[in-house]
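Enquirer: structure20.pdb is the file, holding PDB, C-alpha atoms (C1' of nucleotides):
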ATOM      1  CA  MET V  24       0.149 -10.108  29.921  1.00  0.00           C
ATOM      2  CA  ALA V  25       2.777  -7.984  31.520  1.00  0.00           C
ATOM      3  CA  THR V  26       5.055  -8.144  28.498  1.00  0.00           C
ATOM      4  CA  ASP V  27       3.637  -5.346  26.437  1.00  0.00           C
ATOM      5  CA  ILE V  28       7.114  -4.056  25.679  1.00  0.00           C
ATOM      6  CA  MET V  29       7.873  -3.468  22.033  1.00  0.00           C
ATOM      7  CA  ARG V  30      10.859  -5.144  20.403  1.00  0.00           C
ATOM      8  CA  HIS V  31      12.412  -4.975  16.964  1.00  0.00           C
ATOM      9  CA  THR V  32      14.837  -6.657  14.635  1.00  0.00           C
ATOM     10  CA  VAL V  33      16.520  -5.976  11.313  1.00  0.00           C
ATOM     11  CA  PHE V  34      17.665  -8.837   9.138  1.00  0.00           C
ATOM     12  CA  LYS V  35      19.237  -9.249   5.737  1.00  0.00           C
ATOM     13  CA  THR V  36      17.276 -10.433   2.706  1.00  0.00           C
ATOM     14  CA  PRO V  37      18.307 -10.724  -0.955  1.00  0.00           C
ATOM     15  CA  TRP V  38      16.792  -7.263  -1.472  1.00  0.00           C
ATOM     16  CA  GLY V  39      18.318  -5.497   1.506  1.00  0.00           C
ATOM     17  CA  TYR V  40      17.722  -5.061   5.214  1.00  0.00           C
ATOM     18  CA  PHE V  41      14.175  -5.740   6.362  1.00  0.00           C
ATOM     19  CA  GLY V  42      12.819  -4.221   9.580  1.00  0.00           C
ATOM     20  CA  LEU V  43      10.287  -5.844  11.881  1.00  0.00           C
ATOM     21  CA  ALA V  44       8.736  -4.663  15.144  1.00  0.00           C
ATOM     22  CA  CYS V  45       6.249  -6.400  17.388  1.00  0.00           C
ATOM     23  CA  ARG V  46       4.491  -6.125  20.718  1.00  0.00           C
ATOM     24  CA  ASP V  47       2.724  -8.880  22.604  1.00  0.00           C
ATOM     25  CA  GLY V  48       3.599 -11.206  19.775  1.00  0.00           C
ATOM     26  CA  LEU V  49       1.663  -9.018  17.371  1.00  0.00           C
ATOM     27  CA  VAL V  50       3.478  -7.510  14.429  1.00  0.00           C
ATOM     28  CA  CYS V  51       2.946  -3.768  14.640  1.00  0.00           C
ATOM     29  CA  ARG V  52       5.361  -2.493  12.009  1.00  0.00           C
ATOM     30  CA  THR V  53       7.519  -3.563   9.084  1.00  0.00           C
ATOM     31  CA  VAL V  54       9.790  -1.734   6.687  1.00  0.00           C
ATOM     32  CA  LEU V  55      10.611  -2.941   3.195  1.00  0.00           C
ATOM     33  CA  PRO V  56      14.247  -3.759   2.383  1.00  0.00           C
ATOM     34  CA  ALA V  57      16.516  -0.761   2.883  1.00  0.00           C
ATOM     35  CA  PRO V  58      20.106  -0.387   1.659  1.00  0.00           C
ATOM     36  CA  SER V  59      21.580  -0.476   5.146  1.00  0.00           C
ATOM     37  CA  ARG V  60      20.841  -1.812   8.589  1.00  0.00           C
ATOM     38  CA  ASP V  61      20.735   1.725   9.960  1.00  0.00           C
ATOM     39  CA  ALA V  62      18.347   2.941   7.292  1.00  0.00           C
ATOM     40  CA  ALA V  63      15.957   0.092   8.042  1.00  0.00           C
ATOM     41  CA  ARG V  64      16.123   0.664  11.791  1.00  0.00           C
ATOM     42  CA  GLU V  65      15.616   4.384  11.413  1.00  0.00           C
ATOM     43  CA  ALA V  66      12.574   3.890   9.206  1.00  0.00           C
ATOM     44  CA  LEU V  67      11.233   1.296  11.593  1.00  0.00           C
ATOM     45  CA  LEU V  68      11.517   3.279  14.797  1.00  0.00           C
ATOM     46  CA  THR V  69      10.310   6.700  13.740  1.00  0.00           C
ATOM     47  CA  GLU V  70       8.267   7.376  16.844  1.00  0.00           C
ATOM     48  CA  ALA V  71      10.194   5.735  19.665  1.00  0.00           C
ATOM     49  CA  GLY V  72      13.980   5.544  19.819  1.00  0.00           C
ATOM     50  CA  PRO V  73      15.991   2.280  19.845  1.00  0.00           C
ATOM     51  CA  ASP V  74      16.454   2.705  23.599  1.00  0.00           C
ATOM     52  CA  GLU V  75      12.779   2.158  24.232  1.00  0.00           C
ATOM     53  CA  VAL V  76      12.468  -0.600  21.635  1.00  0.00           C
ATOM     54  CA  PRO V  77      15.161  -3.200  22.237  1.00  0.00           C
ATOM     55  CA  PHE V  78      16.742  -5.163  19.416  1.00  0.00           C
ATOM     56  CA  GLU V  79      16.355  -8.928  19.386  1.00  0.00           C
ATOM     57  CA  ARG V  80      18.108 -10.874  16.691  1.00  0.00           C
ATOM     58  CA  GLY V  81      15.879 -13.959  16.729  1.00  0.00           C
ATOM     59  CA  LEU V  82      12.608 -12.080  17.014  1.00  0.00           C
ATOM     60  CA  LEU V  83       9.844 -14.037  15.235  1.00  0.00           C
ATOM     61  CA  SER V  84      12.496 -16.098  13.480  1.00  0.00           C
ATOM     62  CA  ILE V  85       9.985 -18.246  11.597  1.00  0.00           C
ATOM     63  CA  LEU V  86       8.473 -15.110  10.137  1.00  0.00           C
ATOM     64  CA  GLN V  87      11.944 -13.861   9.246  1.00  0.00           C
ATOM     65  CA  ASP V  88      12.468 -17.058   7.277  1.00  0.00           C
ATOM     66  CA  ARG V  89       9.196 -16.644   5.424  1.00  0.00           C
ATOM     67  CA  ILE V  90       9.935 -13.033   4.551  1.00  0.00           C
ATOM     68  CA  ASN V  91      13.330 -14.069   3.316  1.00  0.00           C
ATOM     69  CA  ALA V  92      11.728 -16.796   1.216  1.00  0.00           C
ATOM     70  CA  TYR V  93       9.429 -14.207  -0.335  1.00  0.00           C
ATOM     71  CA  PHE V  94      12.348 -12.128  -1.563  1.00  0.00           C
ATOM     72  CA  GLU V  95      14.043 -15.258  -2.839  1.00  0.00           C
ATOM     73  CA  GLY V  96      11.035 -15.770  -5.085  1.00  0.00           C
ATOM     74  CA  GLU V  97       9.052 -18.408  -3.261  1.00  0.00           C
ATOM     75  CA  LYS V  98       5.305 -18.200  -2.911  1.00  0.00           C
ATOM     76  CA  VAL V  99       4.550 -17.066   0.613  1.00  0.00           C
ATOM     77  CA  ASP V 100       1.110 -16.421   2.058  1.00  0.00           C
ATOM     78  CA  PHE V 101       0.862 -13.819   4.826  1.00  0.00           C
ATOM     79  CA  SER V 102      -2.925 -13.495   4.662  1.00  0.00           C
ATOM     80  CA  THR V 103      -3.717 -15.200   7.967  1.00  0.00           C
ATOM     81  CA  ASP V 104      -0.308 -15.432   9.599  1.00  0.00           C
ATOM     82  CA  PRO V 105       1.285 -13.652  11.501  1.00  0.00           C
ATOM     83  CA  ALA V 106      -1.108 -11.929  13.874  1.00  0.00           C
ATOM     84  CA  VAL V 107      -0.902  -8.163  13.555  1.00  0.00           C
ATOM     85  CA  ASP V 108      -1.809  -5.181  15.690  1.00  0.00           C
ATOM     86  CA  LEU V 109      -4.319  -2.908  13.974  1.00  0.00           C
ATOM     87  CA  SER V 110      -6.036  -1.828  17.171  1.00  0.00           C
ATOM     88  CA  HIS V 111      -5.353   1.860  16.845  1.00  0.00           C
ATOM     89  CA  PHE V 112      -7.030   2.129  13.457  1.00  0.00           C
ATOM     90  CA  SER V 113     -10.583   3.221  12.752  1.00  0.00           C
ATOM     91  CA  PRO V 114     -13.089   0.527  11.762  1.00  0.00           C
ATOM     92  CA  PHE V 115     -12.919   1.735   8.181  1.00  0.00           C
ATOM     93  CA  SER V 116      -9.140   1.579   8.017  1.00  0.00           C
ATOM     94  CA  ARG V 117      -9.106  -1.845   9.627  1.00  0.00           C
ATOM     95  CA  ALA V 118     -11.647  -3.139   7.124  1.00  0.00           C
ATOM     96  CA  ILE V 119      -9.543  -1.847   4.241  1.00  0.00           C
ATOM     97  CA  LEU V 120      -6.284  -3.237   5.606  1.00  0.00           C
ATOM     98  CA  MET V 121      -7.862  -6.629   6.271  1.00  0.00           C
ATOM     99  CA  ALA V 122      -9.412  -6.752   2.819  1.00  0.00           C
ATOM    100  CA  CYS V 123      -6.077  -5.820   1.313  1.00  0.00           C
ATOM    101  CA  ARG V 124      -4.429  -8.645   3.197  1.00  0.00           C
ATOM    102  CA  GLN V 125      -6.597 -11.166   1.336  1.00  0.00           C
ATOM    103  CA  ILE V 126      -5.038 -10.321  -2.023  1.00  0.00           C
ATOM    104  CA  ASP V 127      -2.961 -13.307  -3.089  1.00  0.00           C
ATOM    105  CA  MET V 128       0.648 -13.112  -4.155  1.00  0.00           C
ATOM    106  CA  GLY V 129       0.798 -12.317  -7.847  1.00  0.00           C
ATOM    107  CA  GLN V 130      -2.722 -10.864  -7.813  1.00  0.00           C
ATOM    108  CA  LYS V 131      -3.729  -7.215  -8.045  1.00  0.00           C
ATOM    109  CA  GLN V 132      -6.770  -5.237  -7.011  1.00  0.00           C
ATOM    110  CA  THR V 133      -7.841  -1.658  -7.621  1.00  0.00           C
ATOM    111  CA  TYR V 134      -8.447   1.002  -4.988  1.00  0.00           C
ATOM    112  CA  THR V 135     -12.105   0.922  -5.993  1.00  0.00           C
ATOM    113  CA  GLN V 136     -12.366  -2.848  -5.561  1.00  0.00           C
ATOM    114  CA  LEU V 137     -10.987  -2.577  -2.043  1.00  0.00           C
ATOM    115  CA  ALA V 138     -13.459   0.192  -1.304  1.00  0.00           C
ATOM    116  CA  GLU V 139     -16.276  -2.047  -2.526  1.00  0.00           C
ATOM    117  CA  ALA V 140     -15.018  -4.927  -0.391  1.00  0.00           C
ATOM    118  CA  ALA V 141     -15.412  -2.655   2.615  1.00  0.00           C
ATOM    119  CA  GLY V 142     -18.896  -1.612   1.545  1.00  0.00           C
ATOM    120  CA  ARG V 143     -17.871   1.921   0.531  1.00  0.00           C
ATOM    121  CA  PRO V 144     -17.958   1.722  -3.283  1.00  0.00           C
ATOM    122  CA  HIS V 145     -16.999   5.363  -3.788  1.00  0.00           C
ATOM    123  CA  ALA V 146     -14.269   5.631  -1.237  1.00  0.00           C
ATOM    124  CA  ALA V 147     -11.345   4.823  -3.539  1.00  0.00           C
ATOM    125  CA  ARG V 148      -9.538   7.942  -2.516  1.00  0.00           C
ATOM    126  CA  ALA V 149      -9.982   7.161   1.140  1.00  0.00           C
ATOM    127  CA  VAL V 150      -8.558   3.721   0.440  1.00  0.00           C
ATOM    128  CA  GLY V 151      -5.483   5.455  -0.921  1.00  0.00           C
ATOM    129  CA  ASN V 152      -5.208   7.304   2.367  1.00  0.00           C
ATOM    130  CA  VAL V 153      -5.258   4.059   4.303  1.00  0.00           C
ATOM    131  CA  MET V 154      -2.639   2.436   2.078  1.00  0.00           C
ATOM    132  CA  ALA V 155      -0.424   5.479   2.515  1.00  0.00           C
ATOM    133  CA  HIS V 156      -0.373   4.836   6.257  1.00  0.00           C
ATOM    134  CA  ASN V 157      -0.075   1.059   6.166  1.00  0.00           C
ATOM    135  CA  PRO V 158       2.355   0.261   9.016  1.00  0.00           C
ATOM    136  CA  ILE V 159       3.057  -3.304   7.892  1.00  0.00           C
ATOM    137  CA  PRO V 160       3.890  -3.403   4.187  1.00  0.00           C
ATOM    138  CA  LEU V 161       4.360  -6.890   2.673  1.00  0.00           C
ATOM    139  CA  ILE V 162       2.288  -8.469   5.462  1.00  0.00           C
ATOM    140  CA  VAL V 163      -0.527  -6.210   4.313  1.00  0.00           C
ATOM    141  CA  PRO V 164       0.405  -6.198   0.619  1.00  0.00           C
ATOM    142  CA  CYS V 165      -0.493  -2.620  -0.196  1.00  0.00           C
ATOM    143  CA  HIS V 166       1.805  -2.808  -3.237  1.00  0.00           C
ATOM    144  CA  ARG V 167      -0.820  -5.044  -4.908  1.00  0.00           C
ATOM    145  CA  VAL V 168      -3.325  -2.193  -5.029  1.00  0.00           C
ATOM    146  CA  VAL V 169      -3.303  -0.276  -8.298  1.00  0.00           C
ATOM    147  CA  ARG V 170      -5.353   2.315 -10.133  1.00  0.00           C
ATOM    148  CA  THR V 171      -8.478   1.500 -12.132  1.00  0.00           C
ATOM    149  CA  ASP V 172      -6.959   3.027 -15.274  1.00  0.00           C
ATOM    150  CA  GLY V 173      -4.067   0.581 -15.166  1.00  0.00           C
ATOM    151  CA  GLY V 174      -1.621   3.000 -13.555  1.00  0.00           C
ATOM    152  CA  LEU V 175       0.517   1.957 -10.629  1.00  0.00           C
ATOM    153  CA  GLY V 176      -0.807   4.495  -8.180  1.00  0.00           C
ATOM    154  CA  GLY V 177       1.425   5.877  -5.472  1.00  0.00           C
ATOM    155  CA  PHE V 178       3.758   4.226  -3.010  1.00  0.00           C
ATOM    156  CA  SER V 179       5.196   5.996   0.002  1.00  0.00           C
ATOM    157  CA  ALA V 180       7.088   3.110   1.590  1.00  0.00           C
ATOM    158  CA  ILE V 181      10.822   2.630   1.097  1.00  0.00           C
ATOM    159  CA  GLY V 182      11.754   2.634  -2.571  1.00  0.00           C
ATOM    160  CA  GLY V 183       8.658   4.520  -3.731  1.00  0.00           C
ATOM    161  CA  THR V 184       6.818   3.475  -6.872  1.00  0.00           C
ATOM    162  CA  ALA V 185       9.973   1.800  -8.204  1.00  0.00           C
ATOM    163  CA  MET V 186       9.826  -0.637  -5.285  1.00  0.00           C
ATOM    164  CA  LYS V 187       6.103  -1.167  -5.875  1.00  0.00           C
ATOM    165  CA  GLU V 188       6.676  -2.040  -9.496  1.00  0.00           C
ATOM    166  CA  ARG V 189       9.660  -4.239  -8.693  1.00  0.00           C
ATOM    167  CA  MET V 190       7.632  -6.262  -6.207  1.00  0.00           C
ATOM    168  CA  LEU V 191       4.759  -6.701  -8.657  1.00  0.00           C
ATOM    169  CA  ILE V 192       7.142  -7.877 -11.366  1.00  0.00           C
ATOM    170  CA  HIS V 193       8.822 -10.164  -8.854  1.00  0.00           C
ATOM    171  CA  GLU V 194       5.458 -11.760  -8.034  1.00  0.00           C
ATOM    172  CA  ARG V 195       4.302 -11.901 -11.638  1.00  0.00           C
ATOM    173  CA  SER V 196       7.471 -13.552 -12.900  1.00  0.00           C
ATOM    174  CA  ARG V 197       6.755 -16.415 -10.510  1.00  0.00           C
ATOM    175  CA  GLU V 198       3.500 -17.123 -12.313  1.00  0.00           C
ATOM    176  CA  ARG V 199       5.272 -17.204 -15.621  1.00  0.00           C
ATOM    177  CA  THR V 200       7.467 -20.027 -14.380  1.00  0.00           C
ATOM    178  CA  PHE V 201       4.385 -22.188 -14.066  1.00  0.00           C
ATOM    179  CA  SER V 202       2.394 -20.920 -17.018  1.00  0.00           C
ATOM    180  CA  PHE V 203       4.071 -23.081 -19.651  1.00  0.00           C
ATOM    181  CA  ALA V 204       2.348 -26.126 -18.150  1.00  0.00           C
ATOM    182  CA  GLY V 205      -1.080 -24.780 -19.017  1.00  0.00           C
ATOM    183  CA  VAL V 206      -1.976 -21.578 -20.768  1.00  0.00           C
ATOM    184  CA  GLY V 207       0.934 -20.543 -22.878  1.00  0.00           C
ATOM    185  CA  GLY V 208       1.964 -16.930 -23.375  1.00  0.00           C
TER     186      GLY V 208
ATOM    187  C1'  DC A  23     -11.661  22.654   7.198  1.00  0.00           C
ATOM    188  C1'  DA A  24      -7.811  21.087   4.114  1.00  0.00           C
ATOM    189  C1'  DG A  25      -5.443  17.381   2.267  1.00  0.00           C
ATOM    190  C1'  DC A  26      -4.930  12.861  -0.024  1.00  0.00           C
ATOM    191  C1'  DA A  27      -1.242   6.369  -2.945  1.00  0.00           C
ATOM    192  C1'  DC A  28      -8.709   7.982  -6.660  1.00  0.00           C
ATOM    193  C1'  DT A  29     -11.864   8.303 -10.707  1.00  0.00           C
ATOM    194  C1'  DA A  30     -15.199   9.485 -14.244  1.00  0.00           C
ATOM    195  C1'  DA A  31     -16.248  13.230 -17.227  1.00  0.00           C
ATOM    196  C1'  DT A  32     -14.826  17.242 -19.962  1.00  0.00           C
ATOM    197  C1'  DT A  33     -11.835  20.015 -22.648  1.00  0.00           C
ATOM    198  C1'  DC A  34      -8.455  20.896 -25.941  1.00  0.00           C
ATOM    199  C1'  DA A  35      -5.009  19.809 -29.188  1.00  0.00           C
TER     200       DA A  35
ATOM    201  C1'  DT Z  15      -6.701   9.311 -29.772  1.00  0.00           C
ATOM    202  C1'  DG Z  16      -4.768  11.151 -25.801  1.00  0.00           C
ATOM    203  C1'  DA Z  17      -2.847  14.385 -22.454  1.00  0.00           C
ATOM    204  C1'  DA Z  18      -4.528  17.887 -19.133  1.00  0.00           C
ATOM    205  C1'  DT Z  19      -8.282  19.790 -16.201  1.00  0.00           C
ATOM    206  C1'  DT Z  20     -12.316  19.665 -13.551  1.00  0.00           C
ATOM    207  C1'  DA Z  21     -15.508  18.013 -10.477  1.00  0.00           C
ATOM    208  C1'  DG Z  22     -17.024  14.636  -7.317  1.00  0.00           C
ATOM    209  C1'  DT Z  23     -15.778  11.731  -3.685  1.00  0.00           C
ATOM    210  C1'  DG Z  24     -14.963   9.707   1.556  1.00  0.00           C
ATOM    211  C1'  DC Z  25     -11.928   9.461   5.483  1.00  0.00           C
ATOM    212  C1'  DT Z  26      -8.460  11.681   8.607  1.00  0.00           C
ATOM    213  C1'  DG Z  27      -6.094  15.021  11.659  1.00  0.00           C
TER     214       DG Z  27
END
Would you put the structure from the file into structure tokens?

Expert:
Amino acid sequence: MATDIMRHTVFKTPWGYFGLACRDGLVCRTVLPAPSRDAAREALLTEAGPDEVPFERGLLSILQDRINAYFEGEKVDFSTDPAVDLSHFSPFSRAILMACRQIDMGQKQTYTQLAEAAGRPHAARAVGNVMAHNPIPLIVPCHRVVRTDGGLGGFSAIGGTAMKERMLIHERSRERTFSFAGVGG
DNA sequence: CAGCACTAATTCA
DNA sequence: TGAATTAGTGCTG
């Protein structure tokens, strides 16, 4: 393909302005909802400037709809779709990011569990490193990874740990809507 | 080699 | 009990 030019978009969700960048149809970066369009774009294009990464309003519009649905409270599964670009990561980091991506909406996993999934049972701290550099939050739901002792753990994406907690509550409150049918609370 | 989004064990109120 | 410290840990730049 000759079209390996990177493009980006920023669109409004109920939580703020969400940033999305892709290349060759592969999502290579996302930023969680920011208070303004500019803030989202700035966070999205840290390396290259907007001149090199053209804006395209309808970029991956289906995905935009799904992301929007997520913030509206619908159950959305990003575990196999869209395709993402993780090519510049080490095998270890890729394994961790891919394992993380399998965590369902509303579910949680510990740093240790992710380490085990990648065959490195004692690499919890290294897992934290990988999460800290996750380029595609939400698609790779790094906010669903918490500490073994029940603590939240860190969060370096937009909004910090407050955003992490808000997203977890958002996902958990969905479950509650359905729980009255079966196991009561 | 130093620095981490971790964790289990120890220490000290 | 429980907060605070100390080791131990594995990957990355």

Enquirer: Specify as a list of chain:residue names all residues of chain V found within 8 Å of chain Z, counting all atoms listed in the file.

Expert: V:His145, V:Ala146, V:Ala147, V:Arg148, V:Ala149, V:Asn152

Enquirer: For the structure shown, which residues end up in the PyMOL selection byres ((chain A) within 7 of (chain V))? Put them as a list in words, please?

Expert: DC26, DA27 and DC28 of chain A

Enquirer: Grab the residues selected above and save them as a short mmCIF file (atom, residue, chain, number, x, y, z; two decimals), in the frame of the given file with C-alpha atoms (C1' of nucleotides).

Expert:
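Listing of out.cif after writing:
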data_model
loop_
_atom_site.label_atom_id
_atom_site.label_comp_id
_atom_site.auth_asym_id
_atom_site.auth_seq_id
_atom_site.Cartn_x
_atom_site.Cartn_y
_atom_site.Cartn_z
"C1'" DC A 26 -4.93 12.86 -0.02
"C1'" DA A 27 -1.24 6.37 -2.94
"C1'" DC A 28 -8.71 7.98 -6.66
#

Enquirer: Grab the CA of Asp61 in chain V to CA of Leu82 in chain V distance for me, in Å with one decimal place.

Expert: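 Between CA of Asp61 in chain V and CA of Leu82 in chain V the gap is 17.5 Å.
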
Enquirer: Residues picked by the PyMOL selection byres ((chain V and resi 65-68) around 10) here, as a short mmCIF file (atom, residue, chain, number, x, y, z; two decimals) with C-alpha atoms, in the frame of the given file?

Expert:
data_model
loop_
_atom_site.label_atom_id
_atom_site.label_comp_id
_atom_site.auth_asym_id
_atom_site.auth_seq_id
_atom_site.Cartn_x
_atom_site.Cartn_y
_atom_site.Cartn_z
CA HIS V 31 12.41 -4.97 16.96
CA THR V 32 14.84 -6.66 14.64
CA VAL V 33 16.52 -5.98 11.31
CA PHE V 41 14.18 -5.74 6.36
CA GLY V 42 12.82 -4.22 9.58
CA LEU V 43 10.29 -5.84 11.88
CA ALA V 44 8.74 -4.66 15.14
CA ARG V 52 5.36 -2.49 12.01
CA THR V 53 7.52 -3.56 9.08
CA VAL V 54 9.79 -1.73 6.69
CA LEU V 55 10.61 -2.94 3.20
CA ALA V 57 16.52 -0.76 2.88
CA SER V 59 21.58 -0.48 5.15
CA ARG V 60 20.84 -1.81 8.59
CA ASP V 61 20.74 1.72 9.96
CA ALA V 62 18.35 2.94 7.29
CA ALA V 63 15.96 0.09 8.04
CA ARG V 64 16.12 0.66 11.79
CA THR V 69 10.31 6.70 13.74
CA GLU V 70 8.27 7.38 16.84
CA ALA V 71 10.19 5.74 19.66
CA GLY V 72 13.98 5.54 19.82
CA PRO V 73 15.99 2.28 19.84
CA GLU V 75 12.78 2.16 24.23
CA VAL V 76 12.47 -0.60 21.64
CA PRO V 158 2.36 0.26 9.02
CA ALA V 180 7.09 3.11 1.59
CA ILE V 181 10.82 2.63 1.10
#

Enquirer: For Phe101 in chain V, find every residue with an atom within 12 Å (counting all atoms listed in the file), except residues of its own chain fewer than 5 positions away, and show them as a list in words.

Expert: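 Close residues of Phe101 in chain V: Val50, Leu86, Gln87, Arg89, Ile90, Ala92, Tyr93, Ala106, Val107, Met121, Cys123, Arg124, Gln125, Ile126, Asp127, Met128, Ile159, Pro160, Leu161, Ile162, Val163 and Pro164 of chain V.
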
Enquirer: Have a look at CA of Ala138 in chain V and CA of Met190 in chain V and let me know their distance in Å, one decimal.

Expert: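 So the answer is 22.6 Å.
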
Enquirer: For range 123-131 of chain V, supply all heavy atoms and format the output as a PDB file, in the frame of the given file.

Expert:
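Just written: result.pdb:
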ATOM      1  N   CYS V 123      -7.310  -5.861   2.102  1.00  0.00           N
ATOM      2  CA  CYS V 123      -6.077  -5.820   1.313  1.00  0.00           C
ATOM      3  C   CYS V 123      -5.243  -7.065   1.573  1.00  0.00           C
ATOM      4  O   CYS V 123      -4.624  -7.616   0.672  1.00  0.00           O
ATOM      5  CB  CYS V 123      -5.290  -4.560   1.664  1.00  0.00           C
ATOM      6  SG  CYS V 123      -3.684  -4.454   0.863  1.00  0.00           S
ATOM      7  N   ARG V 124      -5.258  -7.505   2.799  1.00  0.00           N
ATOM      8  CA  ARG V 124      -4.429  -8.645   3.197  1.00  0.00           C
ATOM      9  C   ARG V 124      -4.856  -9.937   2.491  1.00  0.00           C
ATOM     10  O   ARG V 124      -4.096 -10.891   2.403  1.00  0.00           O
ATOM     11  CB  ARG V 124      -4.508  -8.821   4.716  1.00  0.00           C
ATOM     12  CG  ARG V 124      -3.295  -9.500   5.280  1.00  0.00           C
ATOM     13  CD  ARG V 124      -3.390  -9.675   6.770  1.00  0.00           C
ATOM     14  NE  ARG V 124      -2.289 -10.548   7.199  1.00  0.00           N
ATOM     15  CZ  ARG V 124      -2.145 -11.021   8.422  1.00  0.00           C
ATOM     16  NH1 ARG V 124      -3.019 -10.697   9.362  1.00  0.00           N
ATOM     17  NH2 ARG V 124      -1.139 -11.793   8.722  1.00  0.00           N
ATOM     18  N   GLN V 125      -6.084  -9.965   2.003  1.00  0.00           N
ATOM     19  CA  GLN V 125      -6.597 -11.166   1.336  1.00  0.00           C
ATOM     20  C   GLN V 125      -6.107 -11.306  -0.107  1.00  0.00           C
ATOM     21  O   GLN V 125      -6.308 -12.339  -0.730  1.00  0.00           O
ATOM     22  CB  GLN V 125      -8.130 -11.152   1.321  1.00  0.00           C
ATOM     23  CG  GLN V 125      -8.759 -11.048   2.708  1.00  0.00           C
ATOM     24  CD  GLN V 125      -8.191 -12.058   3.661  1.00  0.00           C
ATOM     25  OE1 GLN V 125      -8.144 -13.244   3.352  1.00  0.00           O
ATOM     26  NE2 GLN V 125      -7.711 -11.607   4.815  1.00  0.00           N
ATOM     27  N   ILE V 126      -5.505 -10.246  -0.634  1.00  0.00           N
ATOM     28  CA  ILE V 126      -5.038 -10.321  -2.023  1.00  0.00           C
ATOM     29  C   ILE V 126      -3.866 -11.290  -2.102  1.00  0.00           C
ATOM     30  O   ILE V 126      -2.890 -11.145  -1.387  1.00  0.00           O
ATOM     31  CB  ILE V 126      -4.596  -8.936  -2.532  1.00  0.00           C
ATOM     32  CG1 ILE V 126      -5.694  -7.898  -2.285  1.00  0.00           C
ATOM     33  CG2 ILE V 126      -4.250  -9.013  -4.006  1.00  0.00           C
ATOM     34  CD1 ILE V 126      -5.282  -6.486  -2.644  1.00  0.00           C
ATOM     35  N   ASP V 127      -3.996 -12.286  -2.973  1.00  0.00           N
ATOM     36  CA  ASP V 127      -2.961 -13.307  -3.089  1.00  0.00           C
ATOM     37  C   ASP V 127      -1.708 -12.772  -3.761  1.00  0.00           C
ATOM     38  O   ASP V 127      -1.761 -11.825  -4.540  1.00  0.00           O
ATOM     39  CB  ASP V 127      -3.478 -14.497  -3.905  1.00  0.00           C
ATOM     40  CG  ASP V 127      -4.441 -15.356  -3.103  1.00  0.00           C
ATOM     41  OD1 ASP V 127      -4.277 -15.392  -1.857  1.00  0.00           O
ATOM     42  OD2 ASP V 127      -5.333 -15.959  -3.712  1.00  0.00           O
ATOM     43  N   MET V 128      -0.612 -13.423  -3.488  1.00  0.00           N
ATOM     44  CA  MET V 128       0.648 -13.112  -4.155  1.00  0.00           C
ATOM     45  C   MET V 128       0.477 -13.273  -5.660  1.00  0.00           C
ATOM     46  O   MET V 128      -0.085 -14.252  -6.124  1.00  0.00           O
ATOM     47  CB  MET V 128       1.731 -14.047  -3.634  1.00  0.00           C
ATOM     48  CG  MET V 128       3.096 -13.778  -4.200  1.00  0.00           C
ATOM     49  SD  MET V 128       4.355 -14.710  -3.301  1.00  0.00           S
ATOM     50  CE  MET V 128       5.811 -14.338  -4.274  1.00  0.00           C
ATOM     51  N   GLY V 129       0.927 -12.266  -6.404  1.00  0.00           N
ATOM     52  CA  GLY V 129       0.798 -12.317  -7.847  1.00  0.00           C
ATOM     53  C   GLY V 129      -0.504 -11.726  -8.355  1.00  0.00           C
ATOM     54  O   GLY V 129      -0.681 -11.523  -9.542  1.00  0.00           O
ATOM     55  N   GLN V 130      -1.441 -11.461  -7.424  1.00  0.00           N
ATOM     56  CA  GLN V 130      -2.722 -10.864  -7.813  1.00  0.00           C
ATOM     57  C   GLN V 130      -2.668  -9.350  -7.611  1.00  0.00           C
ATOM     58  O   GLN V 130      -1.824  -8.839  -6.879  1.00  0.00           O
ATOM     59  CB  GLN V 130      -3.844 -11.440  -6.963  1.00  0.00           C
ATOM     60  CG  GLN V 130      -3.999 -12.938  -7.102  1.00  0.00           C
ATOM     61  CD  GLN V 130      -4.526 -13.320  -8.473  1.00  0.00           C
ATOM     62  OE1 GLN V 130      -3.792 -13.847  -9.288  1.00  0.00           O
ATOM     63  NE2 GLN V 130      -5.783 -13.049  -8.730  1.00  0.00           N
ATOM     64  N   LYS V 131      -3.622  -8.655  -8.236  1.00  0.00           N
ATOM     65  CA  LYS V 131      -3.729  -7.215  -8.045  1.00  0.00           C
ATOM     66  C   LYS V 131      -5.194  -6.860  -7.808  1.00  0.00           C
ATOM     67  O   LYS V 131      -6.079  -7.610  -8.196  1.00  0.00           O
ATOM     68  CB  LYS V 131      -3.217  -6.453  -9.269  1.00  0.00           C
ATOM     69  CG  LYS V 131      -1.713  -6.527  -9.408  1.00  0.00           C
ATOM     70  CD  LYS V 131      -1.195  -5.542 -10.435  1.00  0.00           C
ATOM     71  CE  LYS V 131      -1.436  -5.970 -11.853  1.00  0.00           C
ATOM     72  NZ  LYS V 131      -0.672  -5.151 -12.816  1.00  0.00           N
TER      73      LYS V 131
END
